[in-house]
Amino acid sequence: MDVDVHIDRDRCLGAGMCALTAPQVFDQDEEEGLVVLLNARPPQEQLAAARVAAGVCPASAITLTQRGSSPAS
């Protein structure tokens, strides 16, 4: 399944769980510590980590959607 990753930097708290869980997909900026999306279309082998990162994000700032659909509000 092809998945798109979306982030909402306005919701991000800078906890860094995403960057720790899926460092190939997420990072944190050096100024504010907010999420940076490195790969909006991660390969299959990185999807499980991206899903876990979305699940552990305390601000729910990460969403994954099937490619071609809109992110849930």
# chains A, B, ... in the order shown; residues from 1 in each chain; ligands from 1
call {"tool": "residues_around", "arguments": {"residues": "Gly33 in chain A", "least_positions_apart": "3", "cutoff": "8 Å", "atoms": "only C-alpha atoms", "output": "PDB file with N, CA and C atoms, in the first residue's frame"}}
result
ATOM      1  N   GLY A  14       7.462  19.204  19.909  1.00  0.00           N
ATOM      2  CA  GLY A  14       8.907  19.042  19.942  1.00  0.00           C
ATOM      3  C   GLY A  14       9.392  17.917  20.836  1.00  0.00           C
ATOM      4  N   ALA A  15       8.547  16.933  21.098  1.00  0.00           N
ATOM      5  CA  ALA A  15       8.928  15.815  21.971  1.00  0.00           C
ATOM      6  C   ALA A  15      10.014  14.941  21.340  1.00  0.00           C
ATOM      7  N   GLY A  16      10.055  14.869  20.023  1.00  0.00           N
ATOM      8  CA  GLY A  16      11.106  14.126  19.330  1.00  0.00           C
ATOM      9  C   GLY A  16      10.875  12.637  19.186  1.00  0.00           C
ATOM     10  N   GLN A  28      14.100  16.741  13.568  1.00  0.00           N
ATOM     11  CA  GLN A  28      13.659  17.934  14.292  1.00  0.00           C
ATOM     12  C   GLN A  28      14.519  19.096  13.842  1.00  0.00           C
ATOM     13  N   ASP A  29      13.900  20.281  13.713  1.00  0.00           N
ATOM     14  CA  ASP A  29      14.710  21.436  13.340  1.00  0.00           C
ATOM     15  C   ASP A  29      15.527  21.880  14.550  1.00  0.00           C
ATOM     16  N   GLU A  30      16.640  22.525  14.267  1.00  0.00           N
ATOM     17  CA  GLU A  30      17.571  22.915  15.337  1.00  0.00           C
ATOM     18  C   GLU A  30      17.102  24.138  16.118  1.00  0.00           C
TER      19      GLU A  30
END
call {"tool": "residues_around", "arguments": {"residues": "Val52 in chain A", "least_positions_apart": "6", "cutoff": "9 Å", "atoms": "only C-alpha atoms", "output": "list of chain:residue names"}}
result
A:Cys18, A:Thr21, A:Ala22
call {"tool": "write_last_selection", "arguments": {"atoms": "all heavy atoms", "output": "compact mmCIF listing (two decimals), in the first residue's frame"}}
result
# COMPACT_ATOMS: atom_id res chain seq x y z
N CYS A 18 9.04 11.10 17.13
CA CYS A 18 9.03 10.72 15.71
C CYS A 18 10.44 10.51 15.19
O CYS A 18 10.72 9.51 14.52
CB CYS A 18 8.30 11.78 14.89
SG CYS A 18 8.98 13.44 15.06
N THR A 21 11.88 7.32 16.62
CA THR A 21 11.21 6.11 16.15
C THR A 21 11.44 5.84 14.66
O THR A 21 11.61 4.69 14.26
CB THR A 21 9.69 6.22 16.41
OG1 THR A 21 9.49 6.49 17.80
CG2 THR A 21 8.96 4.94 16.06
N ALA A 22 11.43 6.89 13.85
CA ALA A 22 11.58 6.74 12.41
C ALA A 22 12.53 7.81 11.86
O ALA A 22 12.11 8.74 11.18
CB ALA A 22 10.21 6.83 11.73
call {"tool": "atom_distance", "arguments": {"atom1": "CA of Leu34 in chain A", "atom2": "CA of Leu13 in chain A"}}
result
6.8 Å
call {"tool": "atom_distance", "arguments": {"atom1": "CA of Ala49 in chain A", "atom2": "CA of Gly68 in chain A"}}
result
21.0 Å
call {"tool": "closest_residue", "arguments": {"among": "A:Val35, A:Val3, A:Leu47, A:Leu20", "to": "Ala59 in chain A", "atoms": "only C-alpha atoms"}}
result
A:Val35
call {"tool": "select_by_dssp", "arguments": {"residues": "chain A", "states": "strand (DSSP E)", "output": "ChimeraX atom specification"}}
result
/A:3-7,26-28,35-37,62-66
call {"tool": "write_last_selection", "arguments": {"atoms": "N, CA, C and O atoms", "output": "PDB file, in the first residue's frame"}}
result
ATOM      1  N   VAL A   3       1.643   5.012   0.830  1.00  0.00           N
ATOM      2  CA  VAL A   3       1.192   5.891   1.906  1.00  0.00           C
ATOM      3  C   VAL A   3       1.895   7.238   1.806  1.00  0.00           C
ATOM      4  O   VAL A   3       3.087   7.310   1.487  1.00  0.00           O
ATOM      5  N   ASP A   4       1.144   8.296   2.085  1.00  0.00           N
ATOM      6  CA  ASP A   4       1.703   9.641   2.206  1.00  0.00           C
ATOM      7  C   ASP A   4       1.726  10.015   3.677  1.00  0.00           C
ATOM      8  O   ASP A   4       0.767   9.743   4.408  1.00  0.00           O
ATOM      9  N   VAL A   5       2.806  10.636   4.105  1.00  0.00           N
ATOM     10  CA  VAL A   5       2.949  11.096   5.480  1.00  0.00           C
ATOM     11  C   VAL A   5       2.738  12.608   5.495  1.00  0.00           C
ATOM     12  O   VAL A   5       3.264  13.324   4.648  1.00  0.00           O
ATOM     13  N   HIS A   6       1.947  13.068   6.447  1.00  0.00           N
ATOM     14  CA  HIS A   6       1.657  14.497   6.591  1.00  0.00           C
ATOM     15  C   HIS A   6       2.002  14.914   8.017  1.00  0.00           C
ATOM     16  O   HIS A   6       1.787  14.142   8.960  1.00  0.00           O
ATOM     17  N   ILE A   7       2.533  16.113   8.172  1.00  0.00           N
ATOM     18  CA  ILE A   7       2.814  16.641   9.504  1.00  0.00           C
ATOM     19  C   ILE A   7       2.098  17.972   9.684  1.00  0.00           C
ATOM     20  O   ILE A   7       1.819  18.675   8.725  1.00  0.00           O
ATOM     21  N   PHE A  26      11.580  11.223   9.746  1.00  0.00           N
ATOM     22  CA  PHE A  26      11.402  12.458  10.507  1.00  0.00           C
ATOM     23  C   PHE A  26      12.713  12.945  11.122  1.00  0.00           C
ATOM     24  O   PHE A  26      13.586  12.155  11.440  1.00  0.00           O
ATOM     25  N   ASP A  27      12.790  14.244  11.327  1.00  0.00           N
ATOM     26  CA  ASP A  27      13.879  14.863  12.062  1.00  0.00           C
ATOM     27  C   ASP A  27      13.262  16.016  12.847  1.00  0.00           C
ATOM     28  O   ASP A  27      12.052  16.231  12.797  1.00  0.00           O
ATOM     29  N   GLN A  28      14.100  16.741  13.568  1.00  0.00           N
ATOM     30  CA  GLN A  28      13.659  17.934  14.292  1.00  0.00           C
ATOM     31  C   GLN A  28      14.519  19.096  13.842  1.00  0.00           C
ATOM     32  O   GLN A  28      15.728  18.930  13.643  1.00  0.00           O
ATOM     33  N   VAL A  35       9.051  19.059  14.397  1.00  0.00           N
ATOM     34  CA  VAL A  35       9.184  17.986  13.421  1.00  0.00           C
ATOM     35  C   VAL A  35       9.529  18.537  12.033  1.00  0.00           C
ATOM     36  O   VAL A  35       9.037  19.584  11.618  1.00  0.00           O
ATOM     37  N   VAL A  36      10.392  17.787  11.356  1.00  0.00           N
ATOM     38  CA  VAL A  36      10.741  18.043   9.960  1.00  0.00           C
ATOM     39  C   VAL A  36      10.479  16.734   9.217  1.00  0.00           C
ATOM     40  O   VAL A  36      10.952  15.677   9.641  1.00  0.00           O
ATOM     41  N   LEU A  37       9.727  16.809   8.147  1.00  0.00           N
ATOM     42  CA  LEU A  37       9.426  15.619   7.356  1.00  0.00           C
ATOM     43  C   LEU A  37      10.528  15.422   6.325  1.00  0.00           C
ATOM     44  O   LEU A  37      10.746  16.270   5.458  1.00  0.00           O
ATOM     45  N   ILE A  62       1.149  13.925  13.351  1.00  0.00           N
ATOM     46  CA  ILE A  62       1.522  13.120  12.188  1.00  0.00           C
ATOM     47  C   ILE A  62       0.323  12.294  11.742  1.00  0.00           C
ATOM     48  O   ILE A  62      -0.320  11.639  12.569  1.00  0.00           O
ATOM     49  N   THR A  63       0.039  12.343  10.446  1.00  0.00           N
ATOM     50  CA  THR A  63      -1.011  11.490   9.893  1.00  0.00           C
ATOM     51  C   THR A  63      -0.456  10.762   8.689  1.00  0.00           C
ATOM     52  O   THR A  63       0.400  11.279   7.974  1.00  0.00           O
ATOM     53  N   LEU A  64      -0.942   9.560   8.484  1.00  0.00           N
ATOM     54  CA  LEU A  64      -0.598   8.762   7.320  1.00  0.00           C
ATOM     55  C   LEU A  64      -1.877   8.494   6.562  1.00  0.00           C
ATOM     56  O   LEU A  64      -2.896   8.147   7.172  1.00  0.00           O
ATOM     57  N   THR A  65      -1.832   8.678   5.258  1.00  0.00           N
ATOM     58  CA  THR A  65      -3.009   8.424   4.431  1.00  0.00           C
ATOM     59  C   THR A  65      -2.609   7.581   3.232  1.00  0.00           C
ATOM     60  O   THR A  65      -1.474   7.647   2.762  1.00  0.00           O
ATOM     61  N   GLN A  66      -3.568   6.810   2.768  1.00  0.00           N
ATOM     62  CA  GLN A  66      -3.334   6.051   1.550  1.00  0.00           C
ATOM     63  C   GLN A  66      -3.161   7.053   0.417  1.00  0.00           C
ATOM     64  O   GLN A  66      -3.890   8.044   0.333  1.00  0.00           O
TER      65      GLN A  66
END
call {"tool": "select_by_dssp", "arguments": {"residues": "range 2-50 of chain A", "states": "alpha helix (DSSP H)", "output": "list in words"}}
result
Met17, Cys18, Ala19, Leu20, Thr21, Gln44, Glu45, Gln46, Leu47, Ala48, Ala49 and Ala50 of chain A
call {"tool": "write_last_selection", "arguments": {"atoms": "N, CA, C and O atoms", "output": "CSV table (one decimal), in the first residue's frame"}}
result
chain,number,residue,atom,x,y,z
A,17,MET,N,9.7,12.1,19.6
A,17,MET,CA,9.5,10.7,19.5
A,17,MET,C,9.5,10.2,18.0
A,17,MET,O,9.9,9.1,17.8
A,18,CYS,N,9.0,11.1,17.1
A,18,CYS,CA,9.0,10.7,15.7
A,18,CYS,C,10.4,10.5,15.2
A,18,CYS,O,10.7,9.5,14.5
A,19,ALA,N,11.3,11.4,15.5
A,19,ALA,CA,12.7,11.3,15.0
A,19,ALA,C,13.4,10.1,15.6
A,19,ALA,O,14.3,9.5,15.0
A,20,LEU,N,13.1,9.8,16.9
A,20,LEU,CA,13.7,8.6,17.5
A,20,LEU,C,13.2,7.3,16.9
A,20,LEU,O,13.9,6.4,16.8
A,21,THR,N,11.9,7.3,16.6
A,21,THR,CA,11.2,6.1,16.1
A,21,THR,C,11.4,5.8,14.7
A,21,THR,O,11.6,4.7,14.3
A,44,GLN,N,8.3,1.0,1.5
A,44,GLN,CA,7.6,0.0,2.3
A,44,GLN,C,8.3,-0.4,3.6
A,44,GLN,O,7.7,-0.5,4.7
A,45,GLU,N,9.6,-0.5,3.6
A,45,GLU,CA,10.4,-0.9,4.7
A,45,GLU,C,10.4,0.1,5.8
A,45,GLU,O,10.8,-0.2,7.0
A,46,GLN,N,10.0,1.3,5.6
A,46,GLN,CA,10.0,2.4,6.6
A,46,GLN,C,8.6,2.7,7.1
A,46,GLN,O,8.4,3.5,8.0
A,47,LEU,N,7.6,2.1,6.5
A,47,LEU,CA,6.2,2.4,6.9
A,47,LEU,C,5.8,2.0,8.3
A,47,LEU,O,5.1,2.7,9.0
A,48,ALA,N,6.3,0.8,8.7
A,48,ALA,CA,5.9,0.4,10.1
A,48,ALA,C,6.5,1.4,11.1
A,48,ALA,O,5.7,1.8,12.1
A,49,ALA,N,7.7,1.9,11.0
A,49,ALA,CA,8.3,2.8,11.9
A,49,ALA,C,7.5,4.2,11.8
A,49,ALA,O,7.3,4.8,12.8
A,50,ALA,N,7.1,4.6,10.6
A,50,ALA,CA,6.3,5.8,10.4
A,50,ALA,C,5.0,5.7,11.1
A,50,ALA,O,4.5,6.7,11.8
call {"tool": "atom_distance", "arguments": {"atom1": "CA of Asp10 in chain A", "atom2": "CA of Pro23 in chain A"}}
result
20.4 Å
